Amino acid sequence: MRRVAGIDVGGTFTDLLLTEADRSGVRVRLAKVPTTIRNQAEGVIAAIRAAEVTPADLDLVIHGTTATTNAVLERKTAKVGLITTEGFRDVLELGRRTRPKPYGLFGTFEPLIPREWRREVPERVMADGAVRTPLDETAVAEAVRDLLAEGCEALVIHFLHAYANPEHELRAGAIARAIWPNPYVTLGHALLSEFREYERGTTASVNAAVQPILDRYVRRLQDELRAKGFARDLLVMNGNGGTVPAGLVVEAAAKTVMSGPASGVMAAAATLAQSGLTNAITYDMGGTSTDVALIAGGVPEVSAELTIDYGLPIHLPMVDVHTVGAGGGSIASVDRAGMLRVGPESAGSEPGPIGYGRGGTRPTITDANLVLGRLDPGRLTAVRAGVSLDAIREAFARDLAGPLGMSVEEAAEAVIRLGNVHMTGAIRMVSLSRGYDPRDFVLFAFGGAGPLHAVALARELGIPEVLVPARPGLTNALGCLVADLRQDRVRTLNRPLDGLDMADLRTVLEEQAADALAMVAEEQAEIEETTVTYGADMQFRGQTHLIRVALPSPEIDRATLQELFEAAYFRRFQVRLPEIRAVLVNLVTSVIGRRKPFPLAALIDARGRTDLAGARLGTRPVYAGGAWHEAAIYAREALPLGAEIPGPAVIQQLDATTVIEPGAAARVDAIGNLRIRV
């Protein structure tokens with residue numbers, strides 16, 4: 001028996017999906033427990049316990065975490081010092097002339113590293129790599145000691161143009177490591193060998209700020225697992241959709257930002273592949289936020305231009321996920337102008353929505369779904385004490401319906417509709433704003449709350465079909481199980497294409513591949529196949545933003561590269577610019593160690609599912625479109641394959657509830673997905 005656990009820690013729940021494989025086949029165990037915010041490791045151990053196994057029973061644990069993401073968003077990071085080129089101390093604050101608020105000359109910004117912990121040293125490397133001012137090694141040592149005396153726990157060394165010539169950064173790093181009492185020393189070029197000193201500096205700053213936090217968390221988790229008998233491998237999800245061994249993850253800690261959302265997108269890609277689909281917009285609505293992403297041609301979109309918070313761009317390859325503060329726990333309120341607001345403030349898991357009975361008193365999206373009959377109050381997960389619907393209705397009447405001059409039902413429906421507006425905006429950001437028509441895609445809905453809202457979103461956007469996977473509330477945990485090992489490398493050349501030595505291009509790509517292959521090979525036992533992909537970030541001269549161009553191999557010629565770039569540019573903007581020269585900015589290499597495919601049919605047990613009547617639990621009034629409807633209620637785990645379910649209907653299961661609105665109809669496909677025609 002081989003047991004592999006995928007564990008995802010979200011803002012509200014910690015999910016576990018455990019596979020047990022032997023000669024007779026694959027079986028699955030599930031668990032969903034509240035996230036322990038103060039120490040996420042406790043929630044991980046609780047999830048393993050809830051699955052009725054012990055850590056000693058597990059052969060492999062693959063873990064997605066929000067530890068680094070939350071640390072940055074909440075600014076609960078380590079104290080970081082910065083050593084930079086003389087004259088460039090304030091680059092992290094100057095940024096790109098953006099503003100915290102899009103309208104109006106107000107708003108504040110606090111850089112991740114305050115000015116008093118930033119030091120300058122004499123040195124200067126030019127953009128072509130030539131040394132203009134030698135490194136003052138004495139000044140470096142003095143700056144290191146000074147920052148230690150200030151109580152800094154982590155250190156960033158970030159010199160101008162180190163991507164072109166890292167000699168000074170490497171030497172300064174050697175001096176610092178001889179003095180610094182821990183391994184938390186980040187060299188900007190080592191993490192991201194890319195031009196743009198602002199983005200490279202903020203990426204390095206985020207990395208240093210979360211290194212101690214991630215290191216302590218991973219060590220604590222490993223210690224607790226070992227204390228309970230776990231003696232095998234722990235892999236951690238990265239934001240690029242791949243996994244890395246726990247022993248290597250801390251060095252590039254910034255890569256774990258967006259770890260949780262990325263795992264859901266990887267699960268969606270695996271589900272699409274086994275469902276015969278290639279194009280999907282993924283829609284993950286949890287308790288705290290909603291994450292959307294796009295999968296085109298079966299491949300998740302990857303971007304190296306993530307901005308996790310104002311003033312904190314992270315230029316590392318990550319699954320391109322757009323997040324909005326609309327989740328089941330998003331709080332609804334009426335502002336001083338008498339306008340209804342939903343989110344971004346969330347009730348989280350503590351105290352949670354009113355219906356959870358954990359002390360919440362303010363109406364949320366989850367509570368609105370309870371009021372409208374879309375959720376069964378008797379089937380909520382992790383409810384501490386029962387709360388009557390009358391108590392929830394009283395809260396809506398007091399906080400929303402009264403001030404807005406509406407009925408309780410109208411106020412609850414308004415909360416859901418406004419939450420949906422936030423989510424459709426996010427979907428437009430990953431589709432229409434990038435040249436994709438949502439009507440050409442399936443809406444892949446998951447998360448504990450995603451299937452509740454998916455049909456309404458699809459109808460608003462003209463998306464013809466919604467796919468709800470077999471275990472929507474555990475999809476991120478599934479993503480941990482299906483994710484491959486992955487290493488990405490980026491290096492800046494920043495040269496006009498017509499003046500580029502193509503031999504240099506081949507050399508860089510081959511060096512990147514060799515370095516990444518060596519990292520992936522450390523987990524060779526988990527790999528069934530290794531693939532290498534190449535790409536180039538390009539732009540027309542004078543432009544700012546980059547377009548990623550896939551390269552067939554390092555042996556590409558100049559004319560072919562020009563053609564590929566022009567074709568990619570035309571796909572995005574429907575414009576041709578033959579009179580402007582192309583510039584190759586970055587070369588990107590990805591090495592993917594593919595793990596054995598996970599059989600998604602194992603997530604359901606089709607035995608004993610005879611007919612639709614056997615899955616019917618009764619009916620319940622559901623409010624939709626300004627009126628009450630009598631909706632059929634079904635148990636998801638009893639639905640037979642091939643069953644057709646007309647709306648209005650509600651399909652209930654352990655980890656999620658799916659609402660099929662009037663006018664829509666669902667079918668259960670061969671691997672247990674719900675395919676809803678909108």
# chains A, B, ... in the order shown; residues from 1 in each chain; ligands from 1
>>> residues_around(residues="Ala143 in chain A", least_positions_apart="6", cutoff="9 Å", atoms="only C-alpha atoms", output="number ranges by chain")
A: 82-83, 119-121
>>> write_last_selection(atoms="N, CA and C atoms", output="PDB file, in the first residue's frame")
ATOM      1  N   LEU A  82      18.635  45.964   3.679  1.00  0.00           N
ATOM      2  CA  LEU A  82      18.991  46.014   2.261  1.00  0.00           C
ATOM      3  C   LEU A  82      20.322  46.729   2.083  1.00  0.00           C
ATOM      4  N   ILE A  83      21.195  46.149   1.267  1.00  0.00           N
ATOM      5  CA  ILE A  83      22.431  46.805   0.849  1.00  0.00           C
ATOM      6  C   ILE A  83      22.355  46.982  -0.660  1.00  0.00           C
ATOM      7  N   ARG A 119      20.861  50.431   3.238  1.00  0.00           N
ATOM      8  CA  ARG A 119      22.208  51.005   3.244  1.00  0.00           C
ATOM      9  C   ARG A 119      22.769  51.018   1.819  1.00  0.00           C
ATOM     10  N   GLU A 120      23.578  52.064   1.540  1.00  0.00           N
ATOM     11  CA  GLU A 120      24.241  52.183   0.240  1.00  0.00           C
ATOM     12  C   GLU A 120      25.728  51.887   0.397  1.00  0.00           C
ATOM     13  N   VAL A 121      26.330  51.279  -0.639  1.00  0.00           N
ATOM     14  CA  VAL A 121      27.780  51.086  -0.662  1.00  0.00           C
ATOM     15  C   VAL A 121      28.306  51.507  -2.032  1.00  0.00           C
TER      16      VAL A 121
END
>>> select_by_dssp(residues="range 292-469 of chain A", states="helix (DSSP H, G or I)", output="PyMOL selection string")
chain A and resi 354-356+365-371+377-379+389-404+408-430+432-434+438-440+450-461
>>> closest_atom_pairs(of="range 226-292 of chain A", to="range 443-460 of chain A", cutoff="10 Å", atoms="only C-alpha atoms", output="Markdown table")
| residue | atom | partner | partner_atom | distance |
| --- | --- | --- | --- | --- |
| A:Gly264 | CA | A:Phe446 | CA | 8.3 |
| A:Val265 | CA | A:Phe444 | CA | 9.5 |
| A:Ala268 | CA | A:Phe444 | CA | 7.1 |
| A:Ala269 | CA | A:Phe444 | CA | 9.7 |
| A:Thr271 | CA | A:Phe444 | CA | 9.5 |
| A:Leu272 | CA | A:Phe444 | CA | 8.9 |
| A:Asn279 | CA | A:Leu443 | CA | 9.0 |
| A:Ala280 | CA | A:Leu443 | CA | 5.7 |
| A:Ile281 | CA | A:Leu443 | CA | 5.0 |
| A:Thr282 | CA | A:Phe444 | CA | 4.7 |
| A:Tyr283 | CA | A:Ala445 | CA | 4.9 |
| A:Asp284 | CA | A:Gly447 | CA | 4.9 |
| A:Met285 | CA | A:Gly450 | CA | 4.5 |
| A:Gly286 | CA | A:Gly447 | CA | 5.1 |
| A:Gly287 | CA | A:Ala449 | CA | 7.2 |
| A:Thr290 | CA | A:Gly450 | CA | 8.3 |
| A:Asp291 | CA | A:Gly447 | CA | 9.5 |
| A:Val292 | CA | A:Phe444 | CA | 9.5 |
>>> residues_around(residues="range 64-80 of chain A", least_positions_apart="5", cutoff="9 Å", atoms="only C-alpha atoms", output="mmCIF file with N, CA and C atoms, in the first residue's frame")
data_model
loop_
_atom_site.group_PDB
_atom_site.id
_atom_site.type_symbol
_atom_site.label_atom_id
_atom_site.label_comp_id
_atom_site.auth_asym_id
_atom_site.auth_seq_id
_atom_site.Cartn_x
_atom_site.Cartn_y
_atom_site.Cartn_z
ATOM 1 N N GLY A 6 -2.321 14.918 -0.386
ATOM 2 C CA GLY A 6 -2.267 16.298 -0.851
ATOM 3 C C GLY A 6 -3.000 17.161 0.150
ATOM 4 N N ILE A 7 -2.343 18.168 0.688
ATOM 5 C CA ILE A 7 -2.918 18.998 1.754
ATOM 6 C C ILE A 7 -2.805 20.463 1.360
ATOM 7 N N ASP A 8 -3.951 21.144 1.320
ATOM 8 C CA ASP A 8 -3.962 22.567 0.986
ATOM 9 C C ASP A 8 -4.499 23.350 2.169
ATOM 10 N N VAL A 9 -3.760 24.372 2.580
ATOM 11 C CA VAL A 9 -4.178 25.237 3.687
ATOM 12 C C VAL A 9 -4.749 26.524 3.100
ATOM 13 N N GLY A 10 -6.043 26.732 3.289
ATOM 14 C CA GLY A 10 -6.680 27.952 2.819
ATOM 15 C C GLY A 10 -6.924 28.913 3.958
ATOM 16 N N GLY A 11 -7.539 30.044 3.650
ATOM 17 C CA GLY A 11 -7.792 31.037 4.676
ATOM 18 C C GLY A 11 -8.843 30.606 5.681
ATOM 19 N N GLN A 40 -0.420 26.955 11.268
ATOM 20 C CA GLN A 40 -1.061 26.150 10.239
ATOM 21 C C GLN A 40 -0.701 24.670 10.349
ATOM 22 N N LEU A 112 8.296 47.386 1.864
ATOM 23 C CA LEU A 112 8.508 46.209 2.710
ATOM 24 C C LEU A 112 9.748 46.375 3.582
ATOM 25 N N ILE A 113 10.755 47.118 3.077
ATOM 26 C CA ILE A 113 11.964 47.414 3.850
ATOM 27 C C ILE A 113 11.996 48.917 4.117
ATOM 28 N N PRO A 114 11.757 49.353 5.361
ATOM 29 C CA PRO A 114 11.778 50.793 5.662
ATOM 30 C C PRO A 114 13.134 51.421 5.354
ATOM 31 N N TRP A 117 16.436 50.853 7.303
ATOM 32 C CA TRP A 117 17.128 49.565 7.210
ATOM 33 C C TRP A 117 17.698 49.334 5.811
ATOM 34 N N ARG A 118 17.876 50.431 5.064
ATOM 35 C CA ARG A 118 18.475 50.339 3.728
ATOM 36 C C ARG A 118 19.806 51.078 3.742
ATOM 37 N N LEU A 147 23.374 46.609 10.042
ATOM 38 C CA LEU A 147 22.019 46.071 9.942
ATOM 39 C C LEU A 147 21.771 44.988 10.987
ATOM 40 N N GLY A 151 18.971 44.804 14.364
ATOM 41 C CA GLY A 151 18.052 43.701 14.652
ATOM 42 C C GLY A 151 17.452 43.046 13.431
ATOM 43 N N CYS A 152 18.034 43.266 12.268
ATOM 44 C CA CYS A 152 17.508 42.641 11.049
ATOM 45 C C CYS A 152 17.741 41.128 11.082
ATOM 46 N N GLU A 153 16.730 40.395 10.628
ATOM 47 C CA GLU A 153 16.808 38.934 10.629
ATOM 48 C C GLU A 153 17.215 38.388 9.265
ATOM 49 N N ALA A 154 16.903 39.122 8.203
ATOM 50 C CA ALA A 154 17.221 38.693 6.841
ATOM 51 C C ALA A 154 17.864 39.857 6.093
ATOM 52 N N LEU A 155 18.602 39.529 5.033
ATOM 53 C CA LEU A 155 19.385 40.536 4.309
ATOM 54 C C LEU A 155 19.188 40.379 2.810
ATOM 55 N N VAL A 156 19.050 41.512 2.129
ATOM 56 C CA VAL A 156 18.997 41.552 0.666
ATOM 57 C C VAL A 156 20.197 42.333 0.157
ATOM 58 N N SER A 205 13.190 41.447 -2.028
ATOM 59 C CA SER A 205 12.720 41.885 -0.713
ATOM 60 C C SER A 205 11.637 40.962 -0.175
ATOM 61 N N VAL A 206 10.691 40.603 -1.035
ATOM 62 C CA VAL A 206 9.641 39.668 -0.613
ATOM 63 C C VAL A 206 10.265 38.337 -0.210
ATOM 64 N N ALA A 208 13.289 37.687 0.974
ATOM 65 C CA ALA A 208 13.960 37.787 2.271
ATOM 66 C C ALA A 208 12.957 37.941 3.408
ATOM 67 N N ALA A 209 11.875 38.673 3.154
ATOM 68 C CA ALA A 209 10.900 38.943 4.204
ATOM 69 C C ALA A 209 10.141 37.702 4.642
ATOM 70 N N VAL A 210 9.973 36.736 3.725
ATOM 71 C CA VAL A 210 9.197 35.535 4.072
ATOM 72 C C VAL A 210 10.074 34.314 4.322
ATOM 73 N N GLN A 211 11.376 34.404 4.025
ATOM 74 C CA GLN A 211 12.260 33.251 4.247
ATOM 75 C C GLN A 211 12.204 32.729 5.681
ATOM 76 N N PRO A 212 12.415 33.578 6.687
ATOM 77 C CA PRO A 212 12.372 33.048 8.057
ATOM 78 C C PRO A 212 11.014 32.462 8.426
ATOM 79 N N ILE A 213 9.941 33.080 7.935
ATOM 80 C CA ILE A 213 8.592 32.607 8.254
ATOM 81 C C ILE A 213 8.350 31.239 7.629
ATOM 82 N N LEU A 214 8.694 31.096 6.354
ATOM 83 C CA LEU A 214 8.502 29.813 5.688
ATOM 84 C C LEU A 214 9.413 28.747 6.287
ATOM 85 N N TYR A 217 7.990 27.639 9.558
ATOM 86 C CA TYR A 217 6.771 26.858 9.357
ATOM 87 C C TYR A 217 7.080 25.459 8.829
ATOM 88 N N LEU A 235 6.896 17.516 -0.054
ATOM 89 C CA LEU A 235 7.028 18.425 -1.186
ATOM 90 C C LEU A 235 6.117 19.630 -0.943
ATOM 91 N N VAL A 236 6.539 20.798 -1.418
ATOM 92 C CA VAL A 236 5.775 22.027 -1.219
ATOM 93 C C VAL A 236 5.412 22.607 -2.576
ATOM 94 N N MET A 237 4.149 23.034 -2.715
ATOM 95 C CA MET A 237 3.690 23.656 -3.958
ATOM 96 C C MET A 237 4.322 25.027 -4.134
ATOM 97 N N ASN A 238 4.750 25.310 -5.351
ATOM 98 C CA ASN A 238 5.199 26.645 -5.725
ATOM 99 C C ASN A 238 4.104 27.349 -6.510
ATOM 100 N N THR A 243 6.009 21.489 -7.843
ATOM 101 C CA THR A 243 6.390 21.238 -6.459
ATOM 102 C C THR A 243 7.906 21.178 -6.347
ATOM 103 N N ALA A 253 11.951 31.360 -1.335
ATOM 104 C CA ALA A 253 10.669 31.364 -0.622
ATOM 105 C C ALA A 253 9.597 32.160 -1.356
ATOM 106 N N ALA A 254 9.998 33.210 -2.076
ATOM 107 C CA ALA A 254 9.016 34.044 -2.781
ATOM 108 C C ALA A 254 8.239 33.247 -3.821
ATOM 109 N N THR A 256 6.762 30.549 -3.399
ATOM 110 C CA THR A 256 5.587 29.905 -2.813
ATOM 111 C C THR A 256 4.403 30.849 -2.687
ATOM 112 N N VAL A 257 4.613 32.142 -2.963
ATOM 113 C CA VAL A 257 3.482 33.061 -3.003
ATOM 114 C C VAL A 257 2.533 32.585 -4.111
ATOM 115 N N MET A 258 1.264 32.527 -3.841
ATOM 116 C CA MET A 258 0.229 32.000 -4.744
ATOM 117 C C MET A 258 0.282 30.478 -4.853
ATOM 118 N N SER A 259 0.935 29.816 -3.902
ATOM 119 C CA SER A 259 1.007 28.361 -3.889
ATOM 120 C C SER A 259 -0.379 27.728 -3.908
ATOM 121 N N GLY A 260 -1.278 28.185 -3.013
ATOM 122 C CA GLY A 260 -2.609 27.606 -2.927
ATOM 123 C C GLY A 260 -3.422 27.777 -4.198
ATOM 124 N N PRO A 261 -3.585 29.002 -4.713
ATOM 125 C CA PRO A 261 -4.339 29.178 -5.957
ATOM 126 C C PRO A 261 -3.768 28.390 -7.128
ATOM 127 N N ALA A 262 -2.449 28.283 -7.211
ATOM 128 C CA ALA A 262 -1.834 27.549 -8.319
ATOM 129 C C ALA A 262 -2.216 26.081 -8.290
ATOM 130 N N SER A 263 -2.334 25.497 -7.110
ATOM 131 C CA SER A 263 -2.661 24.075 -7.028
ATOM 132 C C SER A 263 -4.049 23.808 -7.588
ATOM 133 N N ILE A 308 1.391 41.255 -5.861
ATOM 134 C CA ILE A 308 0.605 40.705 -4.757
ATOM 135 C C ILE A 308 -0.069 41.797 -3.949
ATOM 136 N N ASP A 309 0.508 42.970 -3.921
ATOM 137 C CA ASP A 309 -0.057 44.086 -3.181
ATOM 138 C C ASP A 309 0.517 45.349 -3.810
ATOM 139 N N ASN A 476 -8.125 22.139 -4.541
ATOM 140 C CA ASN A 476 -6.752 22.593 -4.293
ATOM 141 C C ASN A 476 -5.903 21.469 -3.717
ATOM 142 N N ALA A 477 -6.497 20.652 -2.846
ATOM 143 C CA ALA A 477 -5.765 19.497 -2.316
ATOM 144 C C ALA A 477 -5.474 18.502 -3.435
ATOM 145 N N GLY A 479 -4.991 19.344 -6.477
ATOM 146 C CA GLY A 479 -3.912 19.958 -7.251
ATOM 147 C C GLY A 479 -2.548 19.591 -6.716
ATOM 148 N N CYS A 480 -2.444 19.461 -5.391
ATOM 149 C CA CYS A 480 -1.169 19.030 -4.810
ATOM 150 C C CYS A 480 -0.811 17.619 -5.282
#
>>> select_by_dssp(residues="range 307-455 of chain A", states="strand (DSSP E)", output="list of chain:residue names")
A:Thr307, A:Pro313, A:Ile314, A:Met318, A:Val319, A:His322, A:Thr323, A:Val324, A:Ser330, A:Ile331, A:Ala332, A:Ser333, A:Val334, A:Leu340, A:Arg341, A:Val342, A:Gly343, A:Pro344, A:Glu345, A:Ser346, A:Val442, A:Leu443, A:Phe444, A:Ala445, A:Phe446
>>> write_last_selection(atoms="N, CA, C and O atoms", output="compact mmCIF listing (two decimals), in the first residue's frame")
# COMPACT_ATOMS: atom_id res chain seq x y z
N THR A 307 1.61 41.07 -9.15
CA THR A 307 1.69 42.10 -8.11
C THR A 307 0.79 41.66 -6.98
O THR A 307 -0.44 41.66 -7.11
N PRO A 313 5.50 44.18 -6.80
CA PRO A 313 5.53 43.24 -7.93
C PRO A 313 6.52 42.12 -7.67
O PRO A 313 7.61 42.36 -7.13
N ILE A 314 6.16 40.90 -8.01
CA ILE A 314 7.04 39.74 -7.86
C ILE A 314 7.25 39.16 -9.25
O ILE A 314 6.34 38.54 -9.82
N MET A 318 4.77 32.46 -12.36
CA MET A 318 3.71 31.90 -11.54
C MET A 318 2.46 31.73 -12.39
O MET A 318 2.26 32.45 -13.36
N VAL A 319 1.63 30.77 -11.99
CA VAL A 319 0.34 30.62 -12.65
C VAL A 319 -0.40 31.94 -12.54
O VAL A 319 -0.47 32.55 -11.46
N HIS A 322 -5.83 35.80 -10.89
CA HIS A 322 -6.33 37.11 -10.47
C HIS A 322 -7.24 36.90 -9.27
O HIS A 322 -8.15 36.07 -9.30
N THR A 323 -7.00 37.63 -8.20
CA THR A 323 -7.72 37.44 -6.94
C THR A 323 -8.55 38.67 -6.60
O THR A 323 -8.09 39.80 -6.74
N VAL A 324 -9.78 38.42 -6.13
CA VAL A 324 -10.62 39.50 -5.61
C VAL A 324 -11.11 39.10 -4.22
O VAL A 324 -11.24 37.92 -3.91
N SER A 330 -17.15 36.92 2.94
CA SER A 330 -17.11 38.37 2.69
C SER A 330 -18.27 39.07 3.38
O SER A 330 -19.43 38.67 3.25
N ILE A 331 -17.96 40.12 4.12
CA ILE A 331 -18.95 40.81 4.95
C ILE A 331 -19.71 41.85 4.13
O ILE A 331 -19.11 42.62 3.37
N ALA A 332 -21.03 41.84 4.27
CA ALA A 332 -21.88 42.83 3.60
C ALA A 332 -22.25 43.93 4.59
O ALA A 332 -22.55 43.65 5.76
N SER A 333 -22.24 45.17 4.11
CA SER A 333 -22.55 46.30 4.98
C SER A 333 -23.10 47.44 4.15
O SER A 333 -23.01 47.44 2.92
N VAL A 334 -23.67 48.40 4.83
CA VAL A 334 -24.14 49.63 4.17
C VAL A 334 -23.23 50.76 4.62
O VAL A 334 -23.05 50.99 5.83
N LEU A 340 -24.70 49.67 -0.62
CA LEU A 340 -24.37 48.31 -0.20
C LEU A 340 -22.93 47.99 -0.60
O LEU A 340 -22.52 48.25 -1.73
N ARG A 341 -22.16 47.42 0.33
CA ARG A 341 -20.79 46.99 0.07
C ARG A 341 -20.67 45.52 0.42
O ARG A 341 -21.21 45.07 1.43
N VAL A 342 -19.93 44.78 -0.39
CA VAL A 342 -19.64 43.37 -0.11
C VAL A 342 -18.14 43.15 -0.23
O VAL A 342 -17.56 43.33 -1.31
N GLY A 343 -17.47 42.78 0.90
CA GLY A 343 -16.03 42.60 0.90
C GLY A 343 -15.32 43.94 0.80
O GLY A 343 -15.95 45.00 0.74
N PRO A 344 -13.98 43.96 0.74
CA PRO A 344 -13.10 42.79 0.82
C PRO A 344 -12.91 42.24 2.23
O PRO A 344 -12.31 41.20 2.41
N GLU A 345 -13.45 42.93 3.25
CA GLU A 345 -13.31 42.43 4.62
C GLU A 345 -14.04 41.10 4.74
O GLU A 345 -15.17 40.94 4.26
N SER A 346 -13.38 40.13 5.39
CA SER A 346 -13.94 38.79 5.49
C SER A 346 -14.05 38.36 6.94
O SER A 346 -13.22 38.73 7.79
N VAL A 442 -15.12 26.92 -21.02
CA VAL A 442 -15.96 26.34 -19.98
C VAL A 442 -15.61 27.05 -18.67
O VAL A 442 -14.45 27.40 -18.44
N LEU A 443 -16.59 27.29 -17.81
CA LEU A 443 -16.32 27.84 -16.48
C LEU A 443 -16.12 26.66 -15.53
O LEU A 443 -17.05 25.91 -15.24
N PHE A 444 -14.89 26.50 -15.06
CA PHE A 444 -14.53 25.40 -14.16
C PHE A 444 -14.68 25.91 -12.73
O PHE A 444 -13.86 26.68 -12.24
N ALA A 445 -15.77 25.50 -12.07
CA ALA A 445 -16.13 26.08 -10.77
C ALA A 445 -15.76 25.14 -9.64
O ALA A 445 -16.15 23.97 -9.64
N PHE A 446 -15.02 25.66 -8.67
CA PHE A 446 -14.65 24.84 -7.52
C PHE A 446 -14.47 25.74 -6.30
O PHE A 446 -14.85 26.91 -6.32
>>> atom_distance(atom1="CA of Gly242 in chain A", atom2="CA of Ala483 in chain A")
5.5 Å
>>> closest_atom_pairs(of="range 234-346 of chain A", to="range 588-594 of chain A", cutoff="12 Å", atoms="only C-alpha atoms", output="CSV")
residue,atom,partner,partner_atom,distance
A:Asn240,CA,A:Ser590,CA,9.9
A:Gly241,CA,A:Ile592,CA,10.1
A:Gly242,CA,A:Ile592,CA,7.7
A:Thr243,CA,A:Gly593,CA,9.3
A:Val244,CA,A:Gly593,CA,10.3
A:Ala270,CA,A:Arg594,CA,12.0
A:Val302,CA,A:Ser590,CA,11.2
A:Ser303,CA,A:Val588,CA,11.3
A:Ala304,CA,A:Val588,CA,10.1
A:Leu316,CA,A:Val588,CA,10.6
A:Pro317,CA,A:Val588,CA,9.0
A:Met318,CA,A:Ser590,CA,11.5
>>> residues_around(residues="Val33 in chain A", least_positions_apart="5", cutoff="8 Å", atoms="only C-alpha atoms", output="list in words")
Phe13, Thr14, Asp15, Gly43, Ala46, Ala47, Ala50 and Ala382 of chain A
>>> atom_distance(atom1="CA of Gly348 in chain A", atom2="CA of Gly419 in chain A")
15.9 Å
>>> residues_around(residues="Gly462 in chain A", least_positions_apart="6", cutoff="9 Å", atoms="only C-alpha atoms", output="mmCIF file with N, CA and C atoms, in the first residue's frame")
data_model
loop_
_atom_site.group_PDB
_atom_site.id
_atom_site.type_symbol
_atom_site.label_atom_id
_atom_site.label_comp_id
_atom_site.auth_asym_id
_atom_site.auth_seq_id
_atom_site.Cartn_x
_atom_site.Cartn_y
_atom_site.Cartn_z
ATOM 1 N N PRO A 438 -14.849 34.861 -23.479
ATOM 2 C CA PRO A 438 -15.323 33.875 -22.495
ATOM 3 C C PRO A 438 -16.260 32.832 -23.087
ATOM 4 N N ARG A 439 -16.934 33.164 -24.181
ATOM 5 C CA ARG A 439 -17.878 32.224 -24.783
ATOM 6 C C ARG A 439 -17.182 31.015 -25.399
ATOM 7 N N VAL A 678 -25.846 26.165 -19.560
ATOM 8 C CA VAL A 678 -26.405 27.425 -19.065
ATOM 9 C C VAL A 678 -27.395 27.974 -20.081
#
>>> atom_distance(atom1="CA of Val408 in chain A", atom2="CA of Phe396 in chain A")
6.1 Å
>>> closest_atom_pairs(of="range 350-373 of chain A", to="range 397-405 of chain A", cutoff="12 Å", atoms="only C-alpha atoms", output="CSV")
residue,atom,partner,partner_atom,distance
A:Thr361,CA,A:Asp399,CA,10.0
A:Arg362,CA,A:Asp399,CA,7.8
A:Pro363,CA,A:Asp399,CA,7.7
A:Thr364,CA,A:Leu400,CA,10.8
A:Ala368,CA,A:Leu400,CA,10.9
A:Val371,CA,A:Ala397,CA,11.2
>>> write_last_selection(atoms="N, CA and C atoms", output="PDB file, in the first residue's frame")
ATOM      1  N   THR A 361     -21.358  37.991  13.787  1.00  0.00           N
ATOM      2  CA  THR A 361     -22.598  38.762  13.952  1.00  0.00           C
ATOM      3  C   THR A 361     -22.935  39.601  12.722  1.00  0.00           C
ATOM      4  N   ARG A 362     -22.025  39.665  11.741  1.00  0.00           N
ATOM      5  CA  ARG A 362     -22.239  40.524  10.569  1.00  0.00           C
ATOM      6  C   ARG A 362     -22.598  39.670   9.359  1.00  0.00           C
ATOM      7  N   PRO A 363     -23.584  40.084   8.562  1.00  0.00           N
ATOM      8  CA  PRO A 363     -24.028  39.279   7.414  1.00  0.00           C
ATOM      9  C   PRO A 363     -22.906  39.069   6.394  1.00  0.00           C
ATOM     10  N   THR A 364     -22.861  37.882   5.814  1.00  0.00           N
ATOM     11  CA  THR A 364     -21.871  37.537   4.802  1.00  0.00           C
ATOM     12  C   THR A 364     -22.568  36.922   3.593  1.00  0.00           C
ATOM     13  N   ALA A 368     -26.222  35.021   3.194  1.00  0.00           N
ATOM     14  CA  ALA A 368     -27.204  35.351   2.160  1.00  0.00           C
ATOM     15  C   ALA A 368     -27.686  34.090   1.457  1.00  0.00           C
ATOM     16  N   VAL A 371     -30.184  32.387   3.758  1.00  0.00           N
ATOM     17  CA  VAL A 371     -31.481  33.065   3.771  1.00  0.00           C
ATOM     18  C   VAL A 371     -32.305  32.694   2.540  1.00  0.00           C
TER      19      VAL A 371
END
>>> residues_around(residues="Ala470 in chain A", least_positions_apart="4", cutoff="9 Å", atoms="only C-alpha atoms", output="PyMOL selection string")
chain A and resi 475+600-601+603-604+636-637+671-674
